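Source file: final-v7.txt. Holds: compact mmCIF, C-alpha atoms (C1' of nucleotides).
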```txt
# COMPACT_ATOMS: atom_id res chain seq x y z
CA MET A 892 -12.18 -7.92 -26.40
CA GLY A 893 -15.93 -7.27 -26.14
CA ARG A 894 -17.62 -8.63 -23.03
CA TRP A 895 -20.97 -8.19 -21.27
CA GLU A 896 -20.93 -4.40 -21.22
CA PRO A 897 -18.02 -2.93 -23.12
CA ASP A 898 -15.14 -0.98 -21.50
CA ALA A 899 -15.42 -2.28 -17.97
CA ARG A 900 -11.92 -0.97 -17.39
CA GLY A 901 -12.82 2.57 -18.40
CA ARG A 902 -15.92 2.49 -16.21
CA MET A 903 -13.83 1.46 -13.23
CA VAL A 904 -11.36 4.30 -13.82
CA THR A 905 -14.18 6.84 -14.00
CA ALA A 906 -15.96 5.40 -10.98
CA ALA A 907 -12.76 5.43 -8.97
CA LEU A 908 -11.88 9.02 -9.79
CA ASP A 909 -15.41 10.14 -8.95
CA LEU A 910 -15.56 8.25 -5.67
CA PHE A 911 -12.08 9.32 -4.58
CA ALA A 912 -13.05 12.94 -5.27
CA GLU A 913 -16.34 12.57 -3.39
CA ARG A 914 -15.36 10.61 -0.28
CA GLY A 915 -11.59 10.46 -0.41
CA PHE A 916 -9.34 7.54 -1.23
CA ASP A 917 -9.36 5.90 2.19
CA ALA A 918 -13.12 6.07 2.58
CA THR A 919 -13.63 4.37 -0.77
CA THR A 920 -13.66 0.59 -0.90
CA ALA A 921 -12.53 -1.44 -3.87
CA GLY A 922 -15.98 -2.97 -3.69
CA ASP A 923 -17.51 0.50 -3.93
CA ILE A 924 -15.66 1.21 -7.15
CA ALA A 925 -16.56 -2.16 -8.60
CA ALA A 926 -20.21 -1.76 -7.67
CA ARG A 927 -20.46 1.65 -9.31
CA ALA A 928 -18.81 0.23 -12.42
CA GLY A 929 -21.25 -2.70 -12.44
CA VAL A 930 -18.70 -5.42 -11.79
CA THR A 931 -17.39 -7.45 -8.88
CA GLU A 932 -14.54 -6.60 -6.54
CA ARG A 933 -12.71 -9.64 -7.87
CA THR A 934 -12.96 -8.29 -11.38
CA PHE A 935 -11.55 -4.96 -10.24
CA PHE A 936 -8.44 -6.67 -8.93
CA ARG A 937 -8.09 -8.65 -12.14
CA HIS A 938 -7.76 -5.38 -14.06
CA PHE A 939 -5.67 -3.46 -11.52
CA SER A 940 -2.97 -4.92 -9.34
CA ASP A 941 -4.07 -2.78 -6.43
CA LYS A 942 -6.57 -0.10 -5.49
CA ARG A 943 -4.23 2.76 -6.36
CA GLU A 944 -3.26 1.52 -9.77
CA VAL A 945 -6.68 2.42 -11.16
CA LEU A 946 -5.51 6.05 -11.29
CA PHE A 947 -2.29 5.21 -13.12
CA ASP A 948 -3.70 3.27 -16.01
CA GLY A 949 -2.21 5.57 -18.65
CA SER A 950 1.11 6.19 -16.98
CA SER A 951 2.96 3.84 -19.29
CA THR A 952 1.86 6.01 -22.20
CA MET A 953 3.75 8.96 -20.79
CA GLN A 954 6.79 6.82 -20.12
CA ASP A 955 6.70 5.58 -23.71
CA LEU A 956 6.53 9.14 -25.01
CA VAL A 957 9.48 10.28 -22.93
CA ILE A 958 11.66 7.30 -23.73
CA ALA A 959 10.87 7.47 -27.43
CA SER A 960 11.89 11.12 -27.42
CA VAL A 961 15.16 10.35 -25.64
CA ASP A 962 15.95 7.59 -28.11
CA GLY A 963 15.06 9.82 -31.03
CA ALA A 964 17.19 12.79 -30.01
CA ALA A 965 19.87 13.86 -32.44
CA PRO A 966 23.42 12.86 -31.51
CA GLY A 967 25.54 15.59 -30.00
CA VAL A 968 22.69 17.24 -28.13
CA GLN A 969 23.52 18.00 -24.51
CA PRO A 970 22.06 15.24 -22.30
CA ILE A 971 20.13 17.68 -20.13
CA ASP A 972 18.53 19.14 -23.24
CA VAL A 973 17.67 15.66 -24.47
CA VAL A 974 15.82 14.91 -21.25
CA VAL A 975 14.07 18.25 -20.92
CA SER A 976 12.96 18.08 -24.54
CA ALA A 977 11.66 14.59 -23.88
CA PHE A 978 9.47 15.88 -21.07
CA ALA A 979 8.40 18.84 -23.15
CA SER A 980 7.26 16.41 -25.80
CA THR A 981 4.56 15.15 -23.44
CA ALA A 982 2.94 18.59 -23.33
CA GLU A 983 0.54 17.85 -26.17
CA PHE A 984 -0.59 14.68 -24.41
CA PHE A 985 -1.36 16.49 -21.16
CA ASP A 986 -2.70 19.68 -22.70
CA GLY A 987 -5.37 17.58 -24.36
CA ARG A 988 -6.35 15.97 -21.08
CA ALA A 989 -6.04 19.01 -18.84
CA GLU A 990 -9.37 18.63 -17.10
CA PHE A 991 -8.81 14.99 -16.27
CA ALA A 992 -5.22 15.67 -15.23
CA ILE A 993 -6.26 18.43 -12.85
CA ARG A 994 -8.96 16.35 -11.17
CA ARG A 995 -6.61 13.40 -10.90
CA SER A 996 -3.86 15.59 -9.52
CA ALA A 997 -6.10 16.93 -6.77
CA VAL A 998 -7.17 13.44 -5.75
CA ILE A 999 -3.58 12.22 -5.63
CA ALA A 1000 -2.42 15.24 -3.64
CA ALA A 1001 -5.08 14.51 -1.03
CA SER A 1002 -3.86 10.99 -0.30
CA GLY A 1003 -0.48 10.02 1.03
CA SER A 1004 -0.96 6.57 -0.35
CA LEU A 1005 -1.59 7.82 -3.87
CA ARG A 1006 1.29 10.28 -3.64
CA GLU A 1007 3.60 7.38 -2.89
CA ARG A 1008 2.47 5.53 -5.97
CA GLU A 1009 2.96 8.59 -8.15
CA LEU A 1010 6.45 9.14 -6.80
CA ARG A 1011 7.27 5.54 -7.59
CA LYS A 1012 6.10 5.95 -11.17
CA LEU A 1013 8.30 9.01 -11.54
CA ASP A 1014 11.23 7.16 -10.03
CA ASP A 1015 10.71 4.27 -12.42
CA LEU A 1016 10.65 6.80 -15.23
CA ALA A 1017 13.90 8.35 -14.03
CA ALA A 1018 15.52 4.92 -13.98
CA ALA A 1019 14.34 4.22 -17.52
CA ILE A 1020 15.61 7.57 -18.75
CA ALA A 1021 19.01 6.97 -17.15
CA GLU A 1022 19.20 3.58 -18.80
CA HIS A 1023 18.52 5.05 -22.22
CA LEU A 1024 21.00 7.85 -21.65
CA VAL A 1025 23.62 5.21 -20.93
CA ALA A 1026 22.67 3.63 -24.25
CA ARG A 1027 23.54 6.98 -25.81
CA GLY A 1028 27.03 6.66 -24.39
CA ILE A 1029 26.65 8.73 -21.25
CA ASP A 1030 28.37 7.74 -18.04
CA GLY A 1031 26.11 5.91 -15.60
CA ALA A 1032 26.42 8.31 -12.68
CA ALA A 1033 25.90 11.35 -14.89
CA ALA A 1034 22.94 9.66 -16.56
CA SER A 1035 21.25 9.00 -13.21
CA LEU A 1036 21.84 12.57 -12.13
CA ILE A 1037 20.49 14.08 -15.33
CA ALA A 1038 17.45 11.82 -15.22
CA GLU A 1039 16.69 12.91 -11.67
CA ILE A 1040 17.10 16.55 -12.62
CA GLY A 1041 14.76 16.10 -15.55
CA VAL A 1042 12.11 14.53 -13.35
CA GLY A 1043 12.55 17.33 -10.84
CA ILE A 1044 12.04 19.99 -13.48
CA PHE A 1045 8.98 18.19 -14.80
CA THR A 1046 7.48 17.73 -11.35
CA VAL A 1047 7.71 21.42 -10.54
CA ALA A 1048 6.52 22.40 -14.00
CA PHE A 1049 3.53 20.08 -13.79
CA ALA A 1050 2.54 21.43 -10.39
CA GLN A 1051 2.63 24.98 -11.69
CA TRP A 1052 0.72 24.03 -14.81
CA VAL A 1053 -2.02 22.50 -12.66
CA SER A 1054 -1.94 25.38 -10.22
CA ASP A 1055 -2.47 27.84 -13.07
CA GLY A 1056 -5.43 25.83 -14.33
CA ALA A 1057 -3.65 24.66 -17.49
CA THR A 1058 -4.12 28.04 -19.10
CA ARG A 1059 -0.73 27.82 -20.83
CA SER A 1060 0.89 24.76 -22.37
CA LEU A 1061 2.74 22.43 -20.05
CA GLY A 1062 5.72 22.69 -22.39
CA ALA A 1063 6.20 26.34 -21.53
CA TYR A 1064 6.59 25.48 -17.86
CA VAL A 1065 9.09 22.75 -18.60
CA THR A 1066 11.39 24.91 -20.69
CA ALA A 1067 11.03 27.76 -18.21
CA GLY A 1068 12.13 25.35 -15.51
CA LEU A 1069 15.33 24.57 -17.35
CA SER A 1070 16.06 28.27 -17.84
CA GLU A 1071 15.40 28.88 -14.17
CA LEU A 1072 17.77 26.09 -13.23
CA LYS A 1073 20.51 27.46 -15.45
CA ALA A 1074 20.04 30.87 -13.92
CA GLN A 1075 20.26 29.37 -10.45
CA MET A 1076 23.47 27.62 -11.41
CA ALA A 1077 24.90 30.99 -12.40
CA CYS A 1078 25.24 29.95 -16.00
CA ALA A 1079 25.51 32.32 -18.93
CA ASP A 1080 21.82 32.13 -19.76
CA GLY A 1081 18.50 33.81 -19.16
CA HIS A 1082 17.84 35.36 -15.75
CA LEU A 1083 14.49 34.43 -14.25
CA ALA A 1084 15.55 34.01 -10.66
CA THR A 1085 14.53 36.12 -7.72
CA MET J 511 9.65 5.45 29.56
CA GLY J 512 10.95 2.08 30.72
CA ARG J 513 8.36 -0.72 30.81
CA TRP J 514 8.56 -4.51 31.10
CA GLU J 515 11.71 -4.95 29.04
CA PRO J 516 13.32 -1.68 28.02
CA ASP J 517 13.59 -0.44 24.43
CA ALA J 518 10.79 -2.42 22.86
CA ARG J 519 10.90 0.01 19.97
CA GLY J 520 14.58 -0.63 19.25
CA ARG J 521 14.01 -4.39 19.43
CA MET J 522 11.26 -4.13 16.86
CA VAL J 523 13.46 -2.12 14.49
CA THR J 524 16.25 -4.69 14.73
CA ALA J 525 13.87 -7.63 14.38
CA ALA J 526 12.25 -6.06 11.34
CA LEU J 527 15.51 -5.33 9.54
CA ASP J 528 16.73 -8.86 10.21
CA LEU J 529 13.52 -10.52 9.08
CA PHE J 530 13.17 -8.36 5.98
CA ALA J 531 16.74 -9.25 5.03
CA GLU J 532 16.16 -12.96 5.66
CA ARG J 533 12.75 -13.57 4.11
CA GLY J 534 11.94 -10.34 2.31
CA PHE J 535 9.42 -7.67 3.24
CA ASP J 536 6.32 -9.35 1.83
CA ALA J 537 7.04 -12.70 3.41
CA THR J 538 7.37 -11.11 6.84
CA THR J 539 4.21 -10.44 8.82
CA ALA J 540 3.84 -7.76 11.42
CA GLY J 541 3.16 -10.58 13.86
CA ASP J 542 6.53 -12.14 13.01
CA ILE J 543 8.35 -8.91 13.84
CA ALA J 544 6.43 -8.47 17.06
CA ALA J 545 7.03 -12.06 18.13
CA ARG J 546 10.80 -11.80 17.59
CA ALA J 547 10.80 -8.55 19.56
CA GLY J 548 8.83 -10.19 22.37
CA VAL J 549 5.70 -8.08 22.03
CA THR J 550 2.26 -8.34 20.45
CA GLU J 551 1.24 -7.37 16.95
CA ARG J 552 -1.04 -4.73 18.47
CA THR J 553 1.92 -3.20 20.27
CA PHE J 554 3.87 -3.07 17.03
CA PHE J 555 1.13 -1.00 15.42
CA ARG J 556 1.01 1.29 18.42
CA HIS J 557 4.65 2.19 17.86
CA PHE J 558 4.61 2.32 14.07
CA SER J 559 1.75 3.58 11.97
CA ASP J 560 2.31 0.82 9.44
CA LYS J 561 4.59 -2.11 8.69
CA ARG J 562 6.98 -0.04 6.57
CA GLU J 563 7.46 2.75 9.03
CA VAL J 564 9.59 0.56 11.28
CA LEU J 565 12.47 1.14 8.83
CA PHE J 566 12.05 4.91 8.85
CA ASP J 567 12.17 5.54 12.55
CA GLY J 568 15.15 7.89 12.34
CA SER J 569 14.18 9.68 9.17
CA SER J 570 13.04 12.77 11.01
CA THR J 571 16.56 13.14 12.37
CA MET J 572 17.92 13.58 8.87
CA GLN J 573 15.19 16.04 8.00
CA ASP J 574 16.00 18.05 11.13
CA LEU J 575 19.68 18.15 10.18
CA VAL J 576 18.97 19.36 6.66
CA ILE J 577 16.44 21.97 7.68
CA ALA J 578 18.64 23.28 10.47
CA SER J 579 21.47 23.65 7.99
CA VAL J 580 19.27 25.53 5.54
CA ASP J 581 18.07 27.87 8.27
CA GLY J 582 21.60 28.41 9.50
CA ALA J 583 23.13 29.26 6.14
CA ALA J 584 24.70 32.67 5.83
CA PRO J 585 22.68 35.23 3.91
CA GLY J 586 23.75 35.87 0.35
CA VAL J 587 24.78 32.29 -0.32
CA GLN J 588 23.39 30.93 -3.59
CA PRO J 589 20.25 28.87 -2.84
CA ILE J 590 21.56 25.80 -4.63
CA ASP J 591 24.69 25.95 -2.50
CA VAL J 592 22.59 26.33 0.63
CA VAL J 593 20.70 23.15 -0.18
CA VAL J 594 23.67 21.10 -1.30
CA SER J 595 25.61 22.14 1.80
CA ALA J 596 22.61 21.14 3.89
CA PHE J 597 22.68 17.65 2.43
CA ALA J 598 26.46 17.49 2.79
CA SER J 599 26.00 18.26 6.47
CA THR J 600 24.29 14.90 6.93
CA ALA J 601 27.44 13.07 5.85
CA GLU J 602 28.73 12.68 9.38
CA PHE J 603 25.43 11.19 10.48
CA PHE J 604 25.44 8.58 7.72
CA ASP J 605 29.18 7.89 7.75
CA GLY J 606 28.81 6.83 11.37
CA ARG J 607 25.98 4.45 10.53
CA ALA J 608 27.31 3.14 7.24
CA GLU J 609 26.78 -0.54 7.99
CA PHE J 610 23.20 -0.06 9.09
CA ALA J 611 22.52 2.29 6.19
CA ILE J 612 23.82 -0.20 3.65
CA ARG J 613 21.76 -3.09 5.02
CA ARG J 614 18.69 -0.92 5.21
CA SER J 615 19.27 0.36 1.71
CA ALA J 616 19.45 -3.17 0.30
CA VAL J 617 16.22 -4.15 2.02
CA ILE J 618 14.41 -1.09 0.74
CA ALA J 619 15.69 -1.55 -2.80
CA ALA J 620 14.30 -5.10 -2.79
CA SER J 621 10.73 -4.03 -2.03
CA GLY J 622 8.55 -1.80 -4.18
CA SER J 623 6.46 -1.02 -1.16
CA LEU J 624 9.43 0.18 0.87
CA ARG J 625 10.79 2.16 -2.07
CA GLU J 626 7.52 4.03 -2.23
CA ARG J 627 7.76 4.99 1.41
CA GLU J 628 11.34 6.17 1.00
CA LEU J 629 10.40 8.29 -2.01
CA ARG J 630 7.63 9.87 0.03
CA LYS J 631 10.02 10.76 2.81
CA LEU J 632 12.34 12.40 0.30
CA ASP J 633 9.43 14.28 -1.22
CA ASP J 634 8.33 15.49 2.20
CA LEU J 635 11.90 16.63 2.76
CA ALA J 636 11.91 18.51 -0.54
CA ALA J 637 8.70 20.25 0.42
CA ALA J 638 10.16 21.26 3.79
CA ILE J 639 13.33 22.57 2.16
CA ALA J 640 11.33 24.61 -0.32
CA GLU J 641 9.30 26.07 2.50
CA HIS J 642 12.40 27.16 4.36
CA LEU J 643 13.95 28.58 1.21
CA VAL J 644 10.85 30.71 0.80
CA ALA J 645 11.42 31.90 4.35
CA ARG J 646 14.84 33.04 3.17
CA GLY J 647 13.12 35.22 0.59
CA ILE J 648 13.35 32.96 -2.42
CA ASP J 649 10.54 32.82 -4.91
CA GLY J 650 8.21 29.84 -4.43
CA ALA J 651 8.66 28.24 -7.82
CA ALA J 652 12.44 28.61 -7.71
CA ALA J 653 12.47 27.24 -4.17
CA SER J 654 10.57 24.12 -5.20
CA LEU J 655 12.87 23.57 -8.14
CA ILE J 656 16.04 23.99 -6.10
CA ALA J 657 14.72 21.68 -3.41
CA GLU J 658 13.95 19.00 -6.00
CA ILE J 659 17.40 19.39 -7.51
CA GLY J 660 18.99 19.06 -4.10
CA VAL J 661 17.09 15.87 -3.37
CA GLY J 662 18.06 14.53 -6.79
CA ILE J 663 21.73 15.19 -6.19
CA PHE J 664 21.52 13.58 -2.77
CA THR J 665 19.69 10.52 -4.06
CA VAL J 666 22.30 9.82 -6.70
CA ALA J 667 25.13 10.56 -4.29
CA PHE J 668 23.68 8.25 -1.65
CA ALA J 669 23.28 5.43 -4.15
CA GLN J 670 26.90 5.75 -5.21
CA TRP J 671 28.08 5.95 -1.62
CA VAL J 672 26.26 2.70 -0.84
CA SER J 673 27.40 1.10 -4.07
CA ASP J 674 31.02 1.89 -3.18
CA GLY J 675 30.59 0.33 0.26
CA ALA J 676 30.87 3.67 2.08
CA THR J 677 34.62 3.74 1.59
CA ARG J 678 34.62 7.50 1.14
CA SER J 679 32.53 10.06 2.96
CA LEU J 680 29.02 10.66 1.69
CA GLY J 681 29.83 14.36 1.60
CA ALA J 682 32.33 13.85 -1.18
CA TYR J 683 29.68 12.30 -3.39
CA VAL J 684 27.26 15.13 -2.71
CA THR J 685 29.66 17.90 -3.64
CA ALA J 686 30.85 15.91 -6.65
CA GLY J 687 27.23 15.68 -7.73
CA LEU J 688 26.88 19.44 -7.72
CA SER J 689 30.07 19.84 -9.75
CA GLU J 690 28.83 17.26 -12.19
CA LEU J 691 25.55 19.08 -12.56
CA LYS J 692 27.28 22.40 -13.19
CA ALA J 693 29.43 20.73 -15.82
CA GLN J 694 26.36 19.25 -17.46
CA MET J 695 24.75 22.66 -17.53
CA ALA J 696 27.78 23.95 -19.40
CA CYS J 697 28.69 26.29 -16.59
CA ALA J 698 32.12 27.78 -16.02
CA ASP J 699 33.14 25.17 -13.50
CA GLY J 700 34.92 21.86 -13.12
CA HIS J 701 34.56 19.27 -15.85
CA LEU J 702 33.68 15.80 -14.58
CA ALA J 703 31.32 14.78 -17.31
CA THR J 704 31.85 12.09 -19.87
C1' DT C 974 -0.72 1.02 51.14
C1' DG C 975 -3.32 2.67 47.60
C1' DT C 976 -4.17 5.45 43.59
C1' DG C 977 -3.22 7.29 38.92
C1' DC C 978 -1.26 6.67 34.50
C1' DG C 979 0.99 4.98 30.55
C1' DA C 980 2.25 0.87 28.04
C1' DT C 981 0.74 -3.63 26.95
C1' DG C 982 -2.42 -7.71 25.96
C1' DT C 983 -6.85 -9.49 24.14
C1' DC C 984 -10.57 -9.65 20.97
C1' DA C 985 -13.51 -8.69 17.29
C1' DG C 986 -14.02 -6.67 12.97
C1' DT C 987 -13.13 -4.21 8.34
C1' DC C 988 -10.66 -3.93 4.21
C1' DG C 989 -6.99 -5.05 0.71
C1' DC C 990 -5.83 -8.75 -1.95
C1' DT C 991 -5.41 -13.81 -3.76
C1' DG C 992 -6.15 -18.72 -5.20
C1' DA C 993 -9.39 -22.10 -6.76
C1' DC C 994 -13.31 -23.27 -9.17
C1' DA C 995 -17.75 -22.60 -11.60
C1' DT C 996 -20.16 -19.91 -15.10
C1' DC C 997 -21.28 -17.00 -18.84
C1' DA C 998 -21.05 -14.81 -23.53
C1' DC C 999 -19.02 -14.94 -27.77
C1' DT C 1000 -16.30 -17.36 -31.64
C1' DG C 1001 -15.27 -20.77 -34.93
C1' DT C 1002 -16.32 -25.18 -36.86
C1' DA C 1003 -18.73 -29.33 -38.38
C1' DT M 1000 -27.95 -25.42 -36.32
C1' DA M 1001 -25.47 -27.56 -32.66
C1' DC M 1002 -21.35 -27.88 -30.13
C1' DA M 1003 -16.81 -27.31 -28.24
C1' DG M 1004 -13.21 -23.77 -27.05
C1' DT M 1005 -11.72 -19.47 -25.01
C1' DG M 1006 -11.42 -15.53 -22.21
C1' DA M 1007 -13.70 -12.57 -18.94
C1' DT M 1008 -16.56 -12.72 -15.01
C1' DG M 1009 -18.86 -14.35 -10.55
C1' DT M 1010 -18.52 -16.91 -6.15
C1' DC M 1011 -16.26 -18.37 -2.11
C1' DA M 1012 -12.86 -19.10 1.34
C1' DG M 1013 -8.91 -17.27 3.48
C1' DC M 1014 -4.62 -14.53 4.87
C1' DG M 1015 -2.55 -10.37 6.42
C1' DA M 1016 -2.65 -5.27 7.40
C1' DC M 1017 -4.67 -2.32 10.45
C1' DT M 1018 -8.11 -0.36 14.13
C1' DG M 1019 -11.33 0.47 18.04
C1' DA M 1020 -12.76 -0.99 22.56
C1' DC M 1021 -11.76 -2.79 26.82
C1' DA M 1022 -9.07 -5.26 30.41
C1' DT M 1023 -4.58 -5.61 32.67
C1' DC M 1024 -0.02 -4.82 34.20
C1' DG M 1025 4.01 -2.26 36.18
C1' DC M 1026 5.77 1.82 37.89
C1' DA M 1027 5.68 6.44 40.28
C1' DC M 1028 4.08 9.23 43.69
C1' DA M 1029 1.38 10.68 47.61
```
Output the structure of this file as structure tokens.
Amino acid sequence: MGRWEPDARGRMVTAALDLFAERGFDATTAGDIAARAGVTERTFFRHFSDKREVLFDGSSTMQDLVIASVDGAAPGVQPIDVVVSAFASTAEFFDGRAEFAIRRSAVIAASGSLRERELRKLDDLAAAIAEHLVARGIDGAAASLIAEIGVGIFTVAFAQWVSDGATRSLGAYVTAGLSELKAQMACADGHLAT
Amino acid sequence: MGRWEPDARGRMVTAALDLFAERGFDATTAGDIAARAGVTERTFFRHFSDKREVLFDGSSTMQDLVIASVDGAAPGVQPIDVVVSAFASTAEFFDGRAEFAIRRSAVIAASGSLRERELRKLDDLAAAIAEHLVARGIDGAAASLIAEIGVGIFTVAFAQWVSDGATRSLGAYVTAGLSELKAQMACADGHLAT
DNA sequence: TGTGCGATGTCAGTCGCTGACATCACTGTA
DNA sequence: TACAGTGATGTCAGCGACTGACATCGCACA
């Protein structure tokens, strides 16, 4: 896939993250990103379907990890544990990219437009999880609910992980979230609630 | 606030929903909506911050209902029950607008762009709920988690309510969702799971 | 009758995004 | 070595979303 200068795509991702952090998403033009990456605006849009997508280039990797974990779960495991374990399995991926993830997270949080795109990715992920839970024999409505709960736990866990500067593993926050939820539901489990 | 012809805003909402249903969101221009409503494109953008927002004109009403219910909950009630009851309290509002809600829901589901906006509104709602749970003395992390769970339950409940043609009250789906969740968490509660 | 004000219309312009077409760098083949 | 094929890139024209600036209209109130 070599071309003029190699890794045009990677240069665009870096340029975009830098520019969004410097000037903000709205004040950054697609042409600005392309120029800093040494390509044309048209080329930018050939690589990314829209201006936001440049920050979500690796999001399918996470989805693949989660889905693979769901599909690989042993039979008989409680569905909620299947999903939470699936999210916990992404910890290694994120722990190794903590610095990038934190910068990216700050940029996304600062833009309503980018937040919308992130929420959509999470919703797509929830739909995929539900689908694969159904394939495990779980009722459709229950599958959708469990998938949503899993995404909710992950979202809160991720925010805390970022907020704490990624000092502990993301996995710890995910499993703590499940314990917290069980406590809140007045289950016979650990008590972490306030 | 009467002007030339009264209720320009309402006319634009109706025109937009009709056009989106007929041609789809992407194939409808802001100018098309404005023309059918008898105003100018510029006027459309004075009433709505962007093309999508025309379908979310009443979304603050729902948020107000939920937040008021959270604030009005008796002290000592379990946080998860506070939130689920808050969502259940919107049932009357939606039951009375079932036809509109169903049409609107179909239009939104057909457009990725509109789905993103809806997800953002729900996320804003979750953030507001969490904030008001904190005001009730609940720990921040737990508040965020419970708010996310509440939104997840509501989302699934709403989808089922629409899917069933609004034959039963939305409230029934919301409370059933909570029972289902408790069952999934292996709590001492009703068993609705598969 | 006239004056103030808020809602609307008009116009020009930027930016996101796309289709169509030419061009460039590299690859394989004769 | 020369040449054709292929995929990524550059160029250009154009639509639609959105915005700022300014003129105008209709109503209320003195």
Proximal residues of chain J relative to chain A (all atoms listed in the file; 8 Å) as an MDAnalysis selection string: chainID J and resid 588:590 625:627 629:630 648:649 651:652 654:656 658:659 662:663 666 670 687 690:692 694:698 703:704
What would the file look like if the residues just selected were written as a short mmCIF file (atom, residue, chain, number, x, y, z; two decimals), in the frame of the given file with C-alpha atoms?
```cif
data_model
loop_
_atom_site.label_atom_id
_atom_site.label_comp_id
_atom_site.auth_asym_id
_atom_site.auth_seq_id
_atom_site.Cartn_x
_atom_site.Cartn_y
_atom_site.Cartn_z
CA GLN J 588 23.39 30.93 -3.59
CA PRO J 589 20.25 28.87 -2.84
CA ILE J 590 21.56 25.80 -4.63
CA ARG J 625 10.79 2.16 -2.07
CA GLU J 626 7.52 4.03 -2.23
CA ARG J 627 7.76 4.99 1.41
CA LEU J 629 10.40 8.29 -2.01
CA ARG J 630 7.63 9.87 0.03
CA ILE J 648 13.35 32.96 -2.42
CA ASP J 649 10.54 32.82 -4.91
CA ALA J 651 8.66 28.24 -7.82
CA ALA J 652 12.44 28.61 -7.71
CA SER J 654 10.57 24.12 -5.20
CA LEU J 655 12.87 23.57 -8.14
CA ILE J 656 16.04 23.99 -6.10
CA GLU J 658 13.95 19.00 -6.00
CA ILE J 659 17.40 19.39 -7.51
CA GLY J 662 18.06 14.53 -6.79
CA ILE J 663 21.73 15.19 -6.19
CA VAL J 666 22.30 9.82 -6.70
CA GLN J 670 26.90 5.75 -5.21
CA GLY J 687 27.23 15.68 -7.73
CA GLU J 690 28.83 17.26 -12.19
CA LEU J 691 25.55 19.08 -12.56
CA LYS J 692 27.28 22.40 -13.19
CA GLN J 694 26.36 19.25 -17.46
CA MET J 695 24.75 22.66 -17.53
CA ALA J 696 27.78 23.95 -19.40
CA CYS J 697 28.69 26.29 -16.59
CA ALA J 698 32.12 27.78 -16.02
CA ALA J 703 31.32 14.78 -17.31
CA THR J 704 31.85 12.09 -19.87
#
```
Please return, as a ChimeraX atom specification, all polymer residues that have at least one atom within 7 Å of the point (-0.8, 21.1, -18.0); use all atoms listed in the file and the file's own coordinate frame. /A:982,985-986,989,1049,1052-1053,1057,1060-1061
Using all atoms listed in the file and a distance of at most 12 Å, pull out the residues of chain J that contact chain C, as a list in words. Met511, Gly512, Arg513, Trp514, Glu515, Pro516, Asp517, Ala518, Arg519, Gly548, Val549, Thr550, Glu551, Arg552, Thr553, Phe554, Phe555, Arg556 and His557 of chain J
Restricting the output to C-alpha atoms, write the selected residues as a compact mmCIF listing (two decimals), keeping the file's coordinate frame.
```
# COMPACT_ATOMS: atom_id res chain seq x y z
CA MET J 511 9.65 5.45 29.56
CA GLY J 512 10.95 2.08 30.72
CA ARG J 513 8.36 -0.72 30.81
CA TRP J 514 8.56 -4.51 31.10
CA GLU J 515 11.71 -4.95 29.04
CA PRO J 516 13.32 -1.68 28.02
CA ASP J 517 13.59 -0.44 24.43
CA ALA J 518 10.79 -2.42 22.86
CA ARG J 519 10.90 0.01 19.97
CA GLY J 548 8.83 -10.19 22.37
CA VAL J 549 5.70 -8.08 22.03
CA THR J 550 2.26 -8.34 20.45
CA GLU J 551 1.24 -7.37 16.95
CA ARG J 552 -1.04 -4.73 18.47
CA THR J 553 1.92 -3.20 20.27
CA PHE J 554 3.87 -3.07 17.03
CA PHE J 555 1.13 -1.00 15.42
CA ARG J 556 1.01 1.29 18.42
CA HIS J 557 4.65 2.19 17.86
```
Could you work out which residues of chain M fall inside 9 Å of chain J? Count only C-alpha atoms (C1' of nucleotides), and format the result as a ChimeraX atom specification. /M:1015-1017,1025-1026
Could you check how far CA of Asp674 in chain J sits from CA of Ser689 in chain J, in Å to one decimal? 19.1 Å
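The residue that comes closest to Val564 in chain J, out of J:Thr524, J:Ser615, J:Ser595, J:Ser579 and on the basis of all atoms listed in the file, is J:Thr524.
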When you count all atoms listed in the file, which of these residues is closest to Arg943 in chain A: A:Ala907, A:Ala964, A:Leu1024, A:Ala992? A:Ala907
Box in all listed atoms of range 640-653 of chain J, axis-aligned, with 8 Å more on each side; write out centre and edge lengths in Å to one decimal as AutoDock Vina command-line options.
```
--center_x 11.5 --center_y 29.9 --center_z -1.7 --size_x 22.6 --size_y 26.6 --size_z 28.2
```
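Separating CA of Ser673 in chain J from CA of Arg607 in chain J is a distance of 15.0 Å.
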Neighbour list for range 597-600 of chain J as a VMD selection string, cut-off 7 Å, all atoms listed in the file, skip fewer than 5 positions in-chain: chain J and resid 572 575 to 576 664 681 684
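If you look at CA of Thr685 in chain J and CA of Val580 in chain J, they are 15.8 Å away from each other.
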